[in-house]
Amino acid sequence: VAGASLAHSLGGEGRRVLCVERDLSTPDRIVGELLQPGGYLKLKELGLESCVEGIDAQKVYGYTMFKNGEVATMTYPLEGRSDDVAGRSFHNGRFVQKLRQAAMKVEGVELRQGTVKKLLNREGGDWKEGETVGGVSYTVGDVWDEKKQQVIPGPSVTKTVFAPLTIVCDGHFSSLRSKLSPQASPDHPSHFVGVILKGAPSDLLPNGSHGHVVLGDPSPVLFYPISSTEVRCLVDIPASVKMPSVAKGEMAKYVLEKIVPQVPEQLQPHLIKAVENGQFRSMPNKTMAAKPQRTPGAVMLGDAFNMRHPLTGGGMTVALNDIATFKSMLSPLPDFSDAALTGAKLDEFYRHRTRPALTINTLANALYAVFCSSGDTSMEEMRQACFEYLKLGGSYARGPIALLGGLDPNPLNLVSHFFSVALFGIGRLMVPLPTPERLFKGGNILAGACKIIFPIVKGEGFTRMFFPAWLRTRLGII
């Protein structure tokens, strides 16, 4: 998503762009299937809104949450916006191919299939820290034939290419991350295990135009449409739970015995049928705070640079926001040959990307921590308080869903709502009488909230989250 979108955006400014993709065939993934409305707005800003057309994408207008038989519904605050503005859910591969096709139509943009092996310095040798990145070497073997839509076998050949700016966006499993950001170390909080439920979303889901979140034990279960005839189910398996084996039948048993009884009755027979078909897919979930670091001649973007738990579907929104900001910051430069000037503009990019990105990151990681059940009774109170708070509707739901949907990038609003949930939970405990035991439990809720939010904010960077870009410029902080 990041590479093709960026190639289109830079090529549209008249720049020559080479995009080296490891595999140009249609991706088959179980993540990157939900684009929040804030992400769609960035897609429009980049002139790529047509990429969600013709792929059977489904409009999404909010979330419906379930907990112990109770329901809370939240709708994106889209009043005053054009009718096309909504979330979109789709097959990730179809969306990626549309982005690639859009990029290839731009004069000056070329997509090649190849595997980047290493960064090169300007002399063509292996790049070392402290040097300027001058390009990459990559291997070319099998070639994707766009017209025939098939792979054409070929011998493995190593090629080199040089440019004044190398942009690394090789994703979730980046092989170059450790070179450009040695401090960045992903955490692995859980896995998603995915299956597809066959049928029209309006028939399968309680609310066909919403994403669905079941606050189950031990962690959330997600349902959302990905076409007019399919619904994706993602079962979260926390790192604390041993990953059941698909081959041994343990995964099917886990979902049937542990998960199915917790989902709404309407969904149960469809989930059972999907499990019996046995088409399980899994994906490790990773979180990683951005560690901005100036590297002459190179910059990282996308999941190679910054990841958050995919519970809230915010990854593509962050990536598209970063690309729009990157394009805006570097547009004044006629080219990238002046390393010092380009580096200064990249610093500005880092400063201006932070508020929307860090708001989405913090919300995703904090919600996952809250929504996972634990043996801690105070945290269970926090979990229940969050559900009850959202169930109130009105401004109580509008604020959080605007943050989740990428429509409100203000981190202060995020922190305000997070602690409002904690105080709401404490208030629930004080009724009808604030006994010493309840006061103690209320203190534990507040302590638990701090224990969740403060490490996340610290990891993302307090100054990057709460200091405006102009102040960080004055202080020399990127």
# chains A, B, ... in the order shown; residues from 1 in each chain; ligands from 1
>>> residues_around(residues="Asp142 of chain A", least_positions_apart="6", cutoff="12 Å", atoms="only C-alpha atoms", output="list in words")
Arg22, Asp23, Leu24, Ser25, Arg112, Gln113, Gly114, Thr115, Gln150, Val151, Ile152, Pro153, Gly154, Pro155, Ser156 and Val157 of chain A
>>> residues_around(residues="segment 62-76 of chain A", least_positions_apart="2", cutoff="8 Å", atoms="only C-alpha atoms", output="list of chain:residue names")
A:Val60, A:Leu78, A:Ala86, A:Gly87, A:Asn207, A:Ser209, A:His210, A:Gly211, A:His212, A:Val213, A:Val214, A:Leu215, A:Gly216, A:Gln262, A:Val263, A:Pro264, A:Phe387, A:Glu388, A:Leu390, A:Lys391, A:Gly393, A:Ala397, A:Arg398, A:Ile401, A:Ala402, A:Gly405
>>> write_last_selection(atoms="C-alpha atoms", output="PDB file, in the first residue's frame")
ATOM      1  CA  VAL A  60     -18.357   0.814   6.599  1.00  0.00           C
ATOM      2  CA  LEU A  78     -19.582  12.054   8.948  1.00  0.00           C
ATOM      3  CA  ALA A  86     -16.962   6.307   4.814  1.00  0.00           C
ATOM      4  CA  GLY A  87     -14.746   3.440   5.808  1.00  0.00           C
ATOM      5  CA  ASN A 207     -25.275  -4.757  11.244  1.00  0.00           C
ATOM      6  CA  SER A 209     -22.475  -1.855   7.285  1.00  0.00           C
ATOM      7  CA  HIS A 210     -20.445  -1.978  10.522  1.00  0.00           C
ATOM      8  CA  GLY A 211     -17.334  -3.634  11.777  1.00  0.00           C
ATOM      9  CA  HIS A 212     -18.111  -5.946  14.708  1.00  0.00           C
ATOM     10  CA  VAL A 213     -16.012  -6.407  17.838  1.00  0.00           C
ATOM     11  CA  VAL A 214     -16.762  -9.155  20.329  1.00  0.00           C
ATOM     12  CA  LEU A 215     -15.102  -8.473  23.682  1.00  0.00           C
ATOM     13  CA  GLY A 216     -14.408 -12.103  24.371  1.00  0.00           C
ATOM     14  CA  GLN A 262     -19.021 -16.059  22.843  1.00  0.00           C
ATOM     15  CA  VAL A 263     -20.093 -14.576  19.496  1.00  0.00           C
ATOM     16  CA  PRO A 264     -23.669 -13.413  18.740  1.00  0.00           C
ATOM     17  CA  PHE A 387     -17.980  -0.800  27.021  1.00  0.00           C
ATOM     18  CA  GLU A 388     -20.592   1.004  29.144  1.00  0.00           C
ATOM     19  CA  LEU A 390     -19.325   3.731  24.560  1.00  0.00           C
ATOM     20  CA  LYS A 391     -22.807   2.310  25.027  1.00  0.00           C
ATOM     21  CA  GLY A 393     -23.795   6.998  22.761  1.00  0.00           C
ATOM     22  CA  ALA A 397     -19.229   7.454  21.534  1.00  0.00           C
ATOM     23  CA  ARG A 398     -18.668  10.153  18.898  1.00  0.00           C
ATOM     24  CA  ILE A 401     -15.079   6.668  17.155  1.00  0.00           C
ATOM     25  CA  ALA A 402     -13.764   9.874  15.537  1.00  0.00           C
ATOM     26  CA  GLY A 405     -11.703   6.440  12.380  1.00  0.00           C
TER      27      GLY A 405
END
>>> closest_atom_pairs(of="segment 105-151 of chain A", to="segment 287-298 of chain A", cutoff="7 Å", atoms="only C-alpha atoms", output="CSV")
residue,atom,partner,partner_atom,distance
A:Thr132,CA,A:Pro296,CA,4.7
A:Val133,CA,A:Gly297,CA,4.7
A:Gly134,CA,A:Gly297,CA,6.3
>>> residues_around(residues="Gly93 of chain A", least_positions_apart="3", cutoff="6 Å", atoms="only C-alpha atoms", output="list in words")
Thr26, Pro27, Asp28 and Val96 of chain A
>>> write_last_selection(atoms="C-alpha atoms", output="PDB file, in the first residue's frame")
ATOM      1  CA  THR A  26      -1.914 -10.161  -6.229  1.00  0.00           C
ATOM      2  CA  PRO A  27      -1.201 -10.309  -2.474  1.00  0.00           C
ATOM      3  CA  ASP A  28      -3.256 -12.702  -0.361  1.00  0.00           C
ATOM      4  CA  VAL A  96      -2.998  -3.161  -3.725  1.00  0.00           C
TER       5      VAL A  96
END
>>> residues_around(residues="Ala57 of chain A", least_positions_apart="2", cutoff="10 Å", atoms="only C-alpha atoms", output="list in words")
Glu33, Leu34, Cys51, Val52, Glu53, Gly54, Ile55, Lys59, Val60, Gly87, Arg88, Ser89, Phe90, His91, Asn92, Arg94, Phe95, Pro225, Ile226, Ser227 and Ser228 of chain A
>>> write_last_selection(atoms="C-alpha atoms", output="PDB file, in the first residue's frame")
ATOM      1  CA  GLU A  33      -8.631  -5.138   4.712  1.00  0.00           C
ATOM      2  CA  LEU A  34     -10.241  -2.172   6.477  1.00  0.00           C
ATOM      3  CA  CYS A  51      -8.675   2.487  -6.196  1.00  0.00           C
ATOM      4  CA  VAL A  52     -11.555   1.415  -3.942  1.00  0.00           C
ATOM      5  CA  GLU A  53     -13.875   1.213  -6.952  1.00  0.00           C
ATOM      6  CA  GLY A  54     -14.340  -1.966  -8.959  1.00  0.00           C
ATOM      7  CA  ILE A  55     -13.023  -4.277  -6.227  1.00  0.00           C
ATOM      8  CA  LYS A  59     -18.760   0.898   2.820  1.00  0.00           C
ATOM      9  CA  VAL A  60     -18.357   0.814   6.599  1.00  0.00           C
ATOM     10  CA  GLY A  87     -14.746   3.440   5.808  1.00  0.00           C
ATOM     11  CA  ARG A  88     -14.019   0.799   3.182  1.00  0.00           C
ATOM     12  CA  SER A  89     -13.450  -2.930   3.639  1.00  0.00           C
ATOM     13  CA  PHE A  90     -12.134  -5.138   0.862  1.00  0.00           C
ATOM     14  CA  HIS A  91      -9.720  -7.854  -0.179  1.00  0.00           C
ATOM     15  CA  ASN A  92      -6.288  -6.356   0.491  1.00  0.00           C
ATOM     16  CA  ARG A  94      -7.421  -6.234  -4.945  1.00  0.00           C
ATOM     17  CA  PHE A  95      -6.776  -2.814  -3.396  1.00  0.00           C
ATOM     18  CA  PRO A 225     -17.397  -7.513   5.344  1.00  0.00           C
ATOM     19  CA  ILE A 226     -14.673  -7.802   2.680  1.00  0.00           C
ATOM     20  CA  SER A 227     -16.977  -8.192  -0.328  1.00  0.00           C
ATOM     21  CA  SER A 228     -20.674  -8.421  -1.129  1.00  0.00           C
TER      22      SER A 228
END
>>> residues_around(residues="Leu43 of chain A", least_positions_apart="4", cutoff="10 Å", atoms="only C-alpha atoms", output="CSV table (one decimal) with N, CA and C atoms, in the first residue's frame")
chain,number,residue,atom,x,y,z
A,5,SER,N,1.4,3.7,-3.4
A,5,SER,CA,0.8,5.1,-3.2
A,5,SER,C,1.8,6.2,-3.3
A,35,LEU,N,-10.1,0.1,5.6
A,35,LEU,CA,-9.6,1.4,5.5
A,35,LEU,C,-10.6,2.4,6.3
A,37,PRO,N,-12.4,5.9,7.6
A,37,PRO,CA,-12.8,7.0,6.8
A,37,PRO,C,-11.7,8.1,6.7
A,38,GLY,N,-10.9,8.2,7.8
A,38,GLY,CA,-9.8,9.2,7.7
A,38,GLY,C,-8.8,8.8,6.7
A,39,GLY,N,-8.6,7.5,6.5
A,39,GLY,CA,-7.7,7.0,5.5
A,39,GLY,C,-8.2,7.2,4.1
A,47,GLY,N,-5.4,11.6,-4.7
A,47,GLY,CA,-6.0,11.4,-6.0
A,47,GLY,C,-6.1,9.9,-6.3
A,48,LEU,N,-6.3,9.1,-5.3
A,48,LEU,CA,-6.3,7.6,-5.5
A,48,LEU,C,-7.7,7.0,-5.1
A,49,GLU,N,-8.7,7.8,-4.9
A,49,GLU,CA,-10.0,7.3,-4.4
A,49,GLU,C,-10.6,6.3,-5.4
A,50,SER,N,-10.2,6.3,-6.7
A,50,SER,CA,-10.8,5.4,-7.6
A,50,SER,C,-10.3,3.9,-7.3
A,51,CYS,N,-9.3,3.8,-6.5
A,51,CYS,CA,-8.7,2.5,-6.2
A,51,CYS,C,-9.6,1.6,-5.3
A,52,VAL,N,-10.6,2.2,-4.7
A,52,VAL,CA,-11.6,1.4,-3.9
A,52,VAL,C,-12.8,1.1,-4.8
A,316,MET,N,-3.3,1.4,7.5
A,316,MET,CA,-3.3,2.1,6.2
A,316,MET,C,-3.6,3.5,6.3
A,317,THR,N,-4.4,3.9,7.3
A,317,THR,CA,-4.7,5.4,7.5
A,317,THR,C,-3.4,6.1,7.9
A,320,LEU,N,-1.1,6.2,4.6
A,320,LEU,CA,-1.6,7.2,3.7
A,320,LEU,C,-1.4,8.6,4.2
A,321,ASN,N,-1.6,8.8,5.5
A,321,ASN,CA,-1.3,10.2,6.1
A,321,ASN,C,0.2,10.5,6.0
A,323,ILE,N,2.2,9.5,3.7
A,323,ILE,CA,2.6,9.7,2.3
A,323,ILE,C,2.1,11.1,1.9
A,324,ALA,N,0.9,11.5,2.4
A,324,ALA,CA,0.4,12.9,2.1
A,324,ALA,C,1.3,13.9,2.7
>>> decode(residues="segment 121-136 of chain A", atoms="N, CA, C and O atoms", output="PDB file, in the first residue's frame")
ATOM      1  N   ASN A 121      26.215   2.500  -0.918  1.00  0.00           N
ATOM      2  CA  ASN A 121      26.636   3.888  -0.800  1.00  0.00           C
ATOM      3  C   ASN A 121      26.767   4.480  -2.207  1.00  0.00           C
ATOM      4  O   ASN A 121      26.530   3.800  -3.215  1.00  0.00           O
ATOM      5  N   ARG A 122      27.184   5.720  -2.295  1.00  0.00           N
ATOM      6  CA  ARG A 122      27.205   6.390  -3.602  1.00  0.00           C
ATOM      7  C   ARG A 122      28.267   5.824  -4.546  1.00  0.00           C
ATOM      8  O   ARG A 122      28.191   6.014  -5.753  1.00  0.00           O
ATOM      9  N   GLU A 123      29.254   5.138  -3.961  1.00  0.00           N
ATOM     10  CA  GLU A 123      30.306   4.538  -4.791  1.00  0.00           C
ATOM     11  C   GLU A 123      29.922   3.136  -5.256  1.00  0.00           C
ATOM     12  O   GLU A 123      30.667   2.498  -6.010  1.00  0.00           O
ATOM     13  N   GLY A 124      28.814   2.623  -4.768  1.00  0.00           N
ATOM     14  CA  GLY A 124      28.371   1.299  -5.177  1.00  0.00           C
ATOM     15  C   GLY A 124      28.765   0.196  -4.225  1.00  0.00           C
ATOM     16  O   GLY A 124      28.434  -0.972  -4.446  1.00  0.00           O
ATOM     17  N   GLY A 125      29.468   0.545  -3.132  1.00  0.00           N
ATOM     18  CA  GLY A 125      29.813  -0.447  -2.130  1.00  0.00           C
ATOM     19  C   GLY A 125      28.700  -0.626  -1.113  1.00  0.00           C
ATOM     20  O   GLY A 125      27.704   0.098  -1.118  1.00  0.00           O
ATOM     21  N   ASP A 126      28.844  -1.621  -0.230  1.00  0.00           N
ATOM     22  CA  ASP A 126      27.852  -1.844   0.819  1.00  0.00           C
ATOM     23  C   ASP A 126      27.771  -0.623   1.721  1.00  0.00           C
ATOM     24  O   ASP A 126      28.796  -0.119   2.196  1.00  0.00           O
ATOM     25  N   TRP A 127      26.552  -0.156   1.953  1.00  0.00           N
ATOM     26  CA  TRP A 127      26.365   1.029   2.795  1.00  0.00           C
ATOM     27  C   TRP A 127      26.680   0.720   4.245  1.00  0.00           C
ATOM     28  O   TRP A 127      26.331  -0.347   4.764  1.00  0.00           O
ATOM     29  N   LYS A 128      27.363   1.658   4.914  1.00  0.00           N
ATOM     30  CA  LYS A 128      27.654   1.549   6.340  1.00  0.00           C
ATOM     31  C   LYS A 128      27.148   2.793   7.039  1.00  0.00           C
ATOM     32  O   LYS A 128      27.038   3.870   6.438  1.00  0.00           O
ATOM     33  N   GLU A 129      26.809   2.638   8.310  1.00  0.00           N
ATOM     34  CA  GLU A 129      26.288   3.763   9.086  1.00  0.00           C
ATOM     35  C   GLU A 129      27.256   4.939   9.031  1.00  0.00           C
ATOM     36  O   GLU A 129      28.467   4.770   9.163  1.00  0.00           O
ATOM     37  N   GLY A 130      26.702   6.125   8.806  1.00  0.00           N
ATOM     38  CA  GLY A 130      27.519   7.324   8.680  1.00  0.00           C
ATOM     39  C   GLY A 130      27.730   7.735   7.237  1.00  0.00           C
ATOM     40  O   GLY A 130      28.078   8.887   6.959  1.00  0.00           O
ATOM     41  N   GLU A 131      27.519   6.805   6.301  1.00  0.00           N
ATOM     42  CA  GLU A 131      27.635   7.118   4.888  1.00  0.00           C
ATOM     43  C   GLU A 131      26.284   7.568   4.333  1.00  0.00           C
ATOM     44  O   GLU A 131      25.248   7.420   4.985  1.00  0.00           O
ATOM     45  N   THR A 132      26.307   8.103   3.133  1.00  0.00           N
ATOM     46  CA  THR A 132      25.075   8.470   2.433  1.00  0.00           C
ATOM     47  C   THR A 132      24.587   7.285   1.609  1.00  0.00           C
ATOM     48  O   THR A 132      25.365   6.675   0.873  1.00  0.00           O
ATOM     49  N   VAL A 133      23.308   6.956   1.754  1.00  0.00           N
ATOM     50  CA  VAL A 133      22.722   5.886   0.942  1.00  0.00           C
ATOM     51  C   VAL A 133      22.611   6.383  -0.488  1.00  0.00           C
ATOM     52  O   VAL A 133      22.052   7.454  -0.752  1.00  0.00           O
ATOM     53  N   GLY A 134      23.147   5.600  -1.420  1.00  0.00           N
ATOM     54  CA  GLY A 134      23.124   6.012  -2.818  1.00  0.00           C
ATOM     55  C   GLY A 134      22.202   5.189  -3.693  1.00  0.00           C
ATOM     56  O   GLY A 134      21.874   5.573  -4.807  1.00  0.00           O
ATOM     57  N   GLY A 135      21.765   4.006  -3.185  1.00  0.00           N
ATOM     58  CA  GLY A 135      20.887   3.150  -3.974  1.00  0.00           C
ATOM     59  C   GLY A 135      20.763   1.779  -3.344  1.00  0.00           C
ATOM     60  O   GLY A 135      21.043   1.607  -2.154  1.00  0.00           O
ATOM     61  N   VAL A 136      20.363   0.802  -4.141  1.00  0.00           N
ATOM     62  CA  VAL A 136      20.163  -0.556  -3.630  1.00  0.00           C
ATOM     63  C   VAL A 136      20.647  -1.560  -4.661  1.00  0.00           C
ATOM     64  O   VAL A 136      20.758  -1.264  -5.853  1.00  0.00           O
TER      65      VAL A 136
END
